[in-house]
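Accompanying notes for the structure given below.
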Amino acid sequence: MRLGCFPVPVGPLLALALLRPWGTISLVVPPAEDDAAAGSSSEGELPSAVEVLSPASLDSLTTRRCAGPAAVVFHGGRVAAPGGGLDDYDRTALDEFQAAAVEVDQMACFGTISCDVYPNFCDESNVASTPSMLLFVRTPSLQVKDYAGVWSKTAILSAIVKHIKLRARDIRAVASDGANAFLADELRPLKALLFTSRKATPVVIEALSADEKLWPHIRFGVAKHTDKELTARFQITEVPKLVLVWDFHRKPNGTLAFSRLTYLGQEMNFLGLRSWLRERVDAHLADPGAWVLNSSSSMEDDAIEHLASLVEAGTPPVPPLPLPAPRPPI
């Protein structure tokens with residue numbers, strides 16, 4: 001644990017010290033005092049979700065490499081690993097931090113920085129004691145916020161997930177009576193519909209909805225497993241299940257049809273879903289009329305299904321939906 005008072009900070013991080021946690025800042029970091037100590041000393045000791053940082057790599061992480069929120073723990077000891085000079089308090093805090101990081105790996109970024117290795121940087125960052133955690137969030141400009149909660153996995157995770165949720169983009173609640181309107185939305189040609197038993201929208205879907213390579217092309221929706229009509233329509237027999245839908249149209253005979261793919265990966269995790277969806281976006285952009293089904297990953301796909309006769313029995317015929325004009329190439 002690092003305790004102590006220090007003079008009013010001066011130098012390149014004065015803005016950070018004065019504005020945190022309310023202001024919008026652009027980080028400028030001083031030269032690293034010992035860059036060799038970052039990243040190498042604890043190699044193999046930390047989960048892959050957590051990066052050992054220097055002042056320079058902290059700046060890179062928070063201003064360029066991390067699209068989501070970034071959580072950084074300032075600690076005593078030379079490295080955040082056993083035998084690194086940590087006291088029990090720092091060690092316990094880092095254990096809880098690392099456990100939280102694993103839960104939302106890649107949805108947010110995580111790092112540690114040693115105040116024994118970089119004491120001047122910690123002083124200029126207004127870190128009076130260790131362990132301390134700062135949250136770097138984009139709203140959309142970069143802001144820095146102090147973490148004032150307890151050092152437990154649950155509390156740390158809650159603080160980080162809050163900012164992941166704030167970045168979510170227009171996720172629709174989809175029910176059987178509004179499914180056609182959701183599928184017919186022309187703003188985004190692809191629709192990713194998650195069937196789930198959870199009451200709240202899973203954070204994985206919220207993080208995916210903010211992914212810069214996905215949100216311009218995919219509209220995300222969430223459907224309840226208790227919606228029997230909708231689950232039957234999409235042939236859902238278990239949850240969670242993610243279905244990608246496109247080419248929603250009305251056939252000349254008045255019936256509705258669309259094409260779909262179902263995610264069949266072993267785990268519904270962020271990395272697997274993001275990779276699968278990005279591959280489909282790339283395929284759609286390359287040729288909207290054809291899909292590359294042979295994924296380079298271990299994931300499989302359903303055969304493309306063209307589902308017709310989706311209008312309830314007895315529903316009067318409806319005039320065909322107008323087809324959107326082809327968009328010029330960008």
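Residues in the structure tokens are named by chain (A, B, ... in the order shown) and by number from 1 within that chain; ligands are numbered from 1 in the order shown.
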
Which polymer residues have any atom within 10 Å of an atom of Arg172 of chain A, counting only C-alpha atoms, with same-chain residues fewer than 3 positions away left out, as a list in words?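 Contacts, in chain order: Arg169, Ala175, Phe182, Leu193, Thr201, Arg219, Phe220, Gly221, Val222 and Ala223 of chain A.
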
Show me, as a VMD selection string, the residues that have an atom within 7 Å of Gln98 of chain A when counting only C-alpha atoms, minus same-chain residues fewer than 3 positions from it. chain A and resid 47 50 94 to 95 101 to 102

Near Ser209 of chain A, within 12 Å and counting only C-alpha atoms, which residues show up once chain neighbours fewer than 4 positions away are dropped, as a ChimeraX atom specification? /A:68,107,164-172,191-194,201-205,213-222,270,273-274,277-278

Store the residues of this selection in a file with N, CA, C and O atoms, as a tab-separated table (two decimals), in the first residue's frame.
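Contents of selection.tsv, as written:
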chain	number	residue	atom	x	y	z
A	68	GLY	N	-13.82	0.65	-25.66
A	68	GLY	CA	-14.73	0.66	-24.53
A	68	GLY	C	-14.11	1.33	-23.32
A	68	GLY	O	-13.06	1.96	-23.41
A	107	MET	N	-14.71	-6.62	-23.69
A	107	MET	CA	-15.80	-5.64	-23.67
A	107	MET	C	-15.33	-4.34	-23.03
A	107	MET	O	-15.91	-3.28	-23.23
A	164	ILE	N	-20.15	0.14	-19.85
A	164	ILE	CA	-20.39	-0.65	-21.08
A	164	ILE	C	-21.83	-0.42	-21.52
A	164	ILE	O	-22.12	-0.22	-22.71
A	165	LYS	N	-22.76	-0.43	-20.58
A	165	LYS	CA	-24.16	-0.24	-20.90
A	165	LYS	C	-24.44	1.15	-21.46
A	165	LYS	O	-25.30	1.32	-22.34
A	166	LEU	N	-23.71	2.14	-20.98
A	166	LEU	CA	-23.92	3.50	-21.45
A	166	LEU	C	-23.55	3.66	-22.93
A	166	LEU	O	-24.02	4.59	-23.59
A	167	ARG	N	-22.71	2.76	-23.44
A	167	ARG	CA	-22.29	2.83	-24.84
A	167	ARG	C	-23.22	2.07	-25.78
A	167	ARG	O	-23.06	2.14	-27.00
A	168	ALA	N	-24.17	1.32	-25.23
A	168	ALA	CA	-25.05	0.50	-26.06
A	168	ALA	C	-25.86	1.37	-27.02
A	168	ALA	O	-26.25	2.49	-26.70
A	169	ARG	N	-26.11	0.82	-28.23
A	169	ARG	CA	-26.79	1.58	-29.27
A	169	ARG	C	-28.14	0.94	-29.64
A	169	ARG	O	-28.17	-0.11	-30.25
A	170	ASP	N	-29.21	1.55	-29.24
A	170	ASP	CA	-30.55	1.29	-29.76
A	170	ASP	C	-30.87	-0.20	-29.91
A	170	ASP	O	-31.10	-0.70	-31.01
A	171	ILE	N	-30.88	-0.91	-28.80
A	171	ILE	CA	-31.27	-2.33	-28.80
A	171	ILE	C	-32.78	-2.41	-28.62
A	171	ILE	O	-33.33	-1.86	-27.66
A	172	ARG	N	-33.45	-3.10	-29.53
A	172	ARG	CA	-34.91	-3.15	-29.51
A	172	ARG	C	-35.41	-4.38	-28.74
A	172	ARG	O	-34.86	-5.48	-28.89
A	191	LYS	N	-30.21	-7.93	-39.09
A	191	LYS	CA	-30.83	-7.90	-37.77
A	191	LYS	C	-30.30	-9.07	-36.95
A	191	LYS	O	-30.36	-10.23	-37.40
A	192	ALA	N	-29.78	-8.78	-35.78
A	192	ALA	CA	-29.30	-9.82	-34.86
A	192	ALA	C	-30.30	-9.91	-33.72
A	192	ALA	O	-30.46	-8.96	-32.95
A	193	LEU	N	-30.99	-11.03	-33.63
A	193	LEU	CA	-32.06	-11.20	-32.65
A	193	LEU	C	-31.65	-12.27	-31.64
A	193	LEU	O	-31.43	-13.43	-32.00
A	194	LEU	N	-31.53	-11.85	-30.39
A	194	LEU	CA	-31.17	-12.77	-29.31
A	194	LEU	C	-32.42	-13.24	-28.59
A	194	LEU	O	-33.23	-12.43	-28.13
A	201	THR	N	-31.28	-6.97	-20.63
A	201	THR	CA	-30.47	-7.23	-21.82
A	201	THR	C	-29.07	-7.65	-21.40
A	201	THR	O	-28.42	-6.95	-20.62
A	202	PRO	N	-28.57	-8.78	-21.87
A	202	PRO	CA	-27.21	-9.23	-21.50
A	202	PRO	C	-26.17	-8.20	-21.91
A	202	PRO	O	-26.25	-7.59	-22.98
A	203	VAL	N	-25.17	-8.03	-21.07
A	203	VAL	CA	-24.13	-7.03	-21.34
A	203	VAL	C	-23.36	-7.37	-22.61
A	203	VAL	O	-22.85	-6.46	-23.29
A	204	VAL	N	-23.28	-8.64	-22.98
A	204	VAL	CA	-22.59	-9.03	-24.21
A	204	VAL	C	-23.26	-8.37	-25.41
A	204	VAL	O	-22.59	-7.85	-26.31
A	205	ILE	N	-24.58	-8.38	-25.46
A	205	ILE	CA	-25.31	-7.77	-26.57
A	205	ILE	C	-25.14	-6.26	-26.55
A	205	ILE	O	-25.00	-5.62	-27.60
A	213	LYS	N	-17.51	-1.84	-35.91
A	213	LYS	CA	-17.62	-2.57	-37.18
A	213	LYS	C	-18.97	-3.25	-37.34
A	213	LYS	O	-19.26	-3.79	-38.42
A	214	LEU	N	-19.78	-3.23	-36.28
A	214	LEU	CA	-21.08	-3.90	-36.34
A	214	LEU	C	-22.25	-2.94	-36.39
A	214	LEU	O	-23.18	-3.13	-37.19
A	215	TRP	N	-22.25	-1.92	-35.54
A	215	TRP	CA	-23.47	-1.13	-35.38
A	215	TRP	C	-23.92	-0.40	-36.65
A	215	TRP	O	-25.13	-0.19	-36.83
A	216	PRO	N	-23.02	0.00	-37.57
A	216	PRO	CA	-23.56	0.66	-38.77
A	216	PRO	C	-24.35	-0.28	-39.67
A	216	PRO	O	-25.10	0.18	-40.54
A	217	HIS	N	-24.22	-1.59	-39.47
A	217	HIS	CA	-24.82	-2.56	-40.38
A	217	HIS	C	-25.86	-3.46	-39.72
A	217	HIS	O	-26.70	-4.04	-40.41
A	218	ILE	N	-25.80	-3.62	-38.40
A	218	ILE	CA	-26.66	-4.58	-37.71
A	218	ILE	C	-27.56	-3.86	-36.71
A	218	ILE	O	-27.08	-3.06	-35.89
A	219	ARG	N	-28.83	-4.16	-36.76
A	219	ARG	CA	-29.77	-3.74	-35.73
A	219	ARG	C	-29.93	-4.89	-34.75
A	219	ARG	O	-30.22	-6.02	-35.15
A	220	PHE	N	-29.74	-4.62	-33.47
A	220	PHE	CA	-29.82	-5.66	-32.44
A	220	PHE	C	-31.19	-5.64	-31.77
A	220	PHE	O	-31.76	-4.58	-31.50
A	221	GLY	N	-31.69	-6.84	-31.52
A	221	GLY	CA	-32.95	-6.98	-30.81
A	221	GLY	C	-32.88	-8.11	-29.81
A	221	GLY	O	-32.05	-9.02	-29.93
A	222	VAL	N	-33.75	-8.07	-28.81
A	222	VAL	CA	-33.81	-9.09	-27.77
A	222	VAL	C	-35.24	-9.57	-27.65
A	222	VAL	O	-36.18	-8.77	-27.55
A	270	PHE	N	-18.51	-13.00	-25.87
A	270	PHE	CA	-18.35	-11.79	-26.66
A	270	PHE	C	-17.43	-12.01	-27.85
A	270	PHE	O	-17.78	-11.63	-28.99
A	273	LEU	N	-19.07	-14.31	-30.60
A	273	LEU	CA	-20.16	-13.65	-31.30
A	273	LEU	C	-19.66	-12.51	-32.17
A	273	LEU	O	-20.12	-12.33	-33.30
A	274	ARG	N	-18.72	-11.73	-31.65
A	274	ARG	CA	-18.20	-10.60	-32.43
A	274	ARG	C	-17.51	-11.09	-33.70
A	274	ARG	O	-17.72	-10.54	-34.80
A	277	LEU	N	-20.23	-12.35	-36.18
A	277	LEU	CA	-20.99	-11.26	-36.77
A	277	LEU	C	-20.15	-10.42	-37.73
A	277	LEU	O	-20.63	-9.99	-38.79
A	278	ARG	N	-18.89	-10.18	-37.37
A	278	ARG	CA	-18.03	-9.41	-38.28
A	278	ARG	C	-17.81	-10.15	-39.59
A	278	ARG	O	-17.75	-9.53	-40.66

Distance in Å - atom CA of Asp211 of chain A versus atom CA of Glu238 of chain A: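 Atom CA of Glu238 of chain A lies at a distance of 26.3 Å from atom CA of Asp211 of chain A.
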
Just how far from atom CA of Lys241 of chain A is atom CA of Thr262 of chain A, in Å to one decimal? 7.5 Å

Smallest atom-to-atom distance to Thr112 of chain A: which of A:Val245, A:Leu230, A:Ala70, A:Ile156, using only C-alpha atoms? A:Ala70

Met133 of chain A surroundings by only C-alpha atoms, 8 Å radius, close-in-sequence under 4 positions cut, as a short mmCIF file (atom, residue, chain, number, x, y, z; two decimals) with N, CA and C atoms, in the first residue's frame:
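Wrote part_1.cif, looks like this:
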data_model
loop_
_atom_site.label_atom_id
_atom_site.label_comp_id
_atom_site.auth_asym_id
_atom_site.auth_seq_id
_atom_site.Cartn_x
_atom_site.Cartn_y
_atom_site.Cartn_z
N ALA A 71 -10.26 0.28 -17.28
CA ALA A 71 -10.07 0.34 -15.83
C ALA A 71 -8.61 0.08 -15.53
N VAL A 72 -7.98 0.96 -14.76
CA VAL A 72 -6.55 0.85 -14.46
C VAL A 72 -6.35 0.94 -12.96
N VAL A 73 -5.66 -0.05 -12.40
CA VAL A 73 -5.34 -0.06 -10.98
C VAL A 73 -3.91 0.40 -10.77
N PHE A 74 -3.72 1.38 -9.92
CA PHE A 74 -2.40 1.85 -9.48
C PHE A 74 -2.08 1.12 -8.18
N ASP A 146 -12.74 8.52 -10.72
CA ASP A 146 -12.24 7.74 -9.59
C ASP A 146 -13.21 6.61 -9.26
N TYR A 147 -12.65 5.46 -8.94
CA TYR A 147 -13.47 4.37 -8.39
C TYR A 147 -13.45 4.49 -6.88
#

Enter the distance from atom CA of Leu271 of chain A to atom CA of Leu208 of chain A, in Å, rounded to one decimal.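 Distance reported for this atom pair: 9.5 Å.
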
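Nearest to Arg250 of chain A of all the residues A:Ala108, A:Ala67, A:Asn180, A:Lys199 is A:Asn180, counting only C-alpha atoms.
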
Test item, strand (DSSP E or B) assignment across segment 132-324 of chain A, answer as a PyMOL selection string: chain A and resi 132-138+142-146+172-173+190-196+218-224+241-250+256-263+301+305-307

Using only C-alpha atoms, please write the residues we just selected to a file, as a compact mmCIF listing (two decimals), in the first residue's frame.
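This is the output file result-v6.txt:
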# COMPACT_ATOMS: atom_id res chain seq x y z
CA SER A 132 -6.47 3.08 -6.49
CA MET A 133 -8.50 2.53 -9.63
CA LEU A 134 -9.31 5.00 -12.37
CA LEU A 135 -11.95 4.49 -15.05
CA PHE A 136 -11.28 6.00 -18.47
CA VAL A 137 -14.55 6.37 -20.37
CA ARG A 138 -15.61 7.99 -23.63
CA LEU A 142 -12.30 10.93 -22.81
CA GLN A 143 -13.16 11.38 -19.15
CA VAL A 144 -11.40 10.03 -16.07
CA LYS A 145 -13.36 8.89 -13.03
CA ASP A 146 -12.24 7.74 -9.59
CA ARG A 172 -34.91 -3.15 -29.51
CA ALA A 173 -37.19 -5.31 -27.40
CA LEU A 190 -28.91 -7.08 -40.95
CA LYS A 191 -30.83 -7.90 -37.77
CA ALA A 192 -29.30 -9.82 -34.86
CA LEU A 193 -32.06 -11.20 -32.65
CA LEU A 194 -31.17 -12.77 -29.31
CA PHE A 195 -33.63 -15.14 -27.66
CA THR A 196 -32.99 -15.20 -23.92
CA ILE A 218 -26.66 -4.58 -37.71
CA ARG A 219 -29.77 -3.74 -35.73
CA PHE A 220 -29.82 -5.66 -32.44
CA GLY A 221 -32.95 -6.98 -30.81
CA VAL A 222 -33.81 -9.09 -27.77
CA ALA A 223 -36.75 -11.49 -27.57
CA LYS A 224 -38.07 -13.40 -24.56
CA LYS A 241 -29.79 -18.37 -29.14
CA LEU A 242 -28.70 -15.65 -31.59
CA VAL A 243 -30.23 -15.47 -35.07
CA LEU A 244 -29.02 -13.19 -37.86
CA VAL A 245 -31.78 -12.16 -40.26
CA TRP A 246 -31.70 -10.34 -43.62
CA ASP A 247 -33.66 -10.00 -46.88
CA PHE A 248 -37.02 -9.53 -45.19
CA HIS A 249 -39.60 -9.07 -47.94
CA ARG A 250 -43.12 -9.78 -49.05
CA LEU A 256 -43.61 -12.76 -45.81
CA ALA A 257 -40.17 -14.29 -46.12
CA PHE A 258 -36.65 -13.70 -44.86
CA SER A 259 -33.28 -15.43 -44.68
CA ARG A 260 -31.47 -16.33 -41.50
CA LEU A 261 -28.38 -17.84 -39.94
CA THR A 262 -28.20 -19.20 -36.41
CA TYR A 263 -25.05 -18.97 -34.31
CA ASP A 301 -23.79 -22.19 -39.50
CA GLU A 305 -33.39 -20.89 -44.86
CA HIS A 306 -35.96 -18.94 -46.84
CA LEU A 307 -38.99 -18.97 -44.61

Smallest atom-to-atom distance to Tyr118 of chain A: which of A:Asn253, A:Ser54, A:Ser141, A:Thr130, using only C-alpha atoms?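 Ranking A:Asn253, A:Ser54, A:Ser141, A:Thr130 by distance to Tyr118 of chain A, first place goes to A:Ser54.
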
Helix (DSSP H, G or I) call set, DSSP backbone run, segment 83-298 of chain A, as a ChimeraX atom specification: /A:88-103,119-124,153-166,176-184,203-209,228-233,270-286

Looking at only C-alpha atoms, which of A:Lys153, A:Arg233, A:His284, A:Lys228 is the one that sits closest to Pro189 of chain A? A:His284
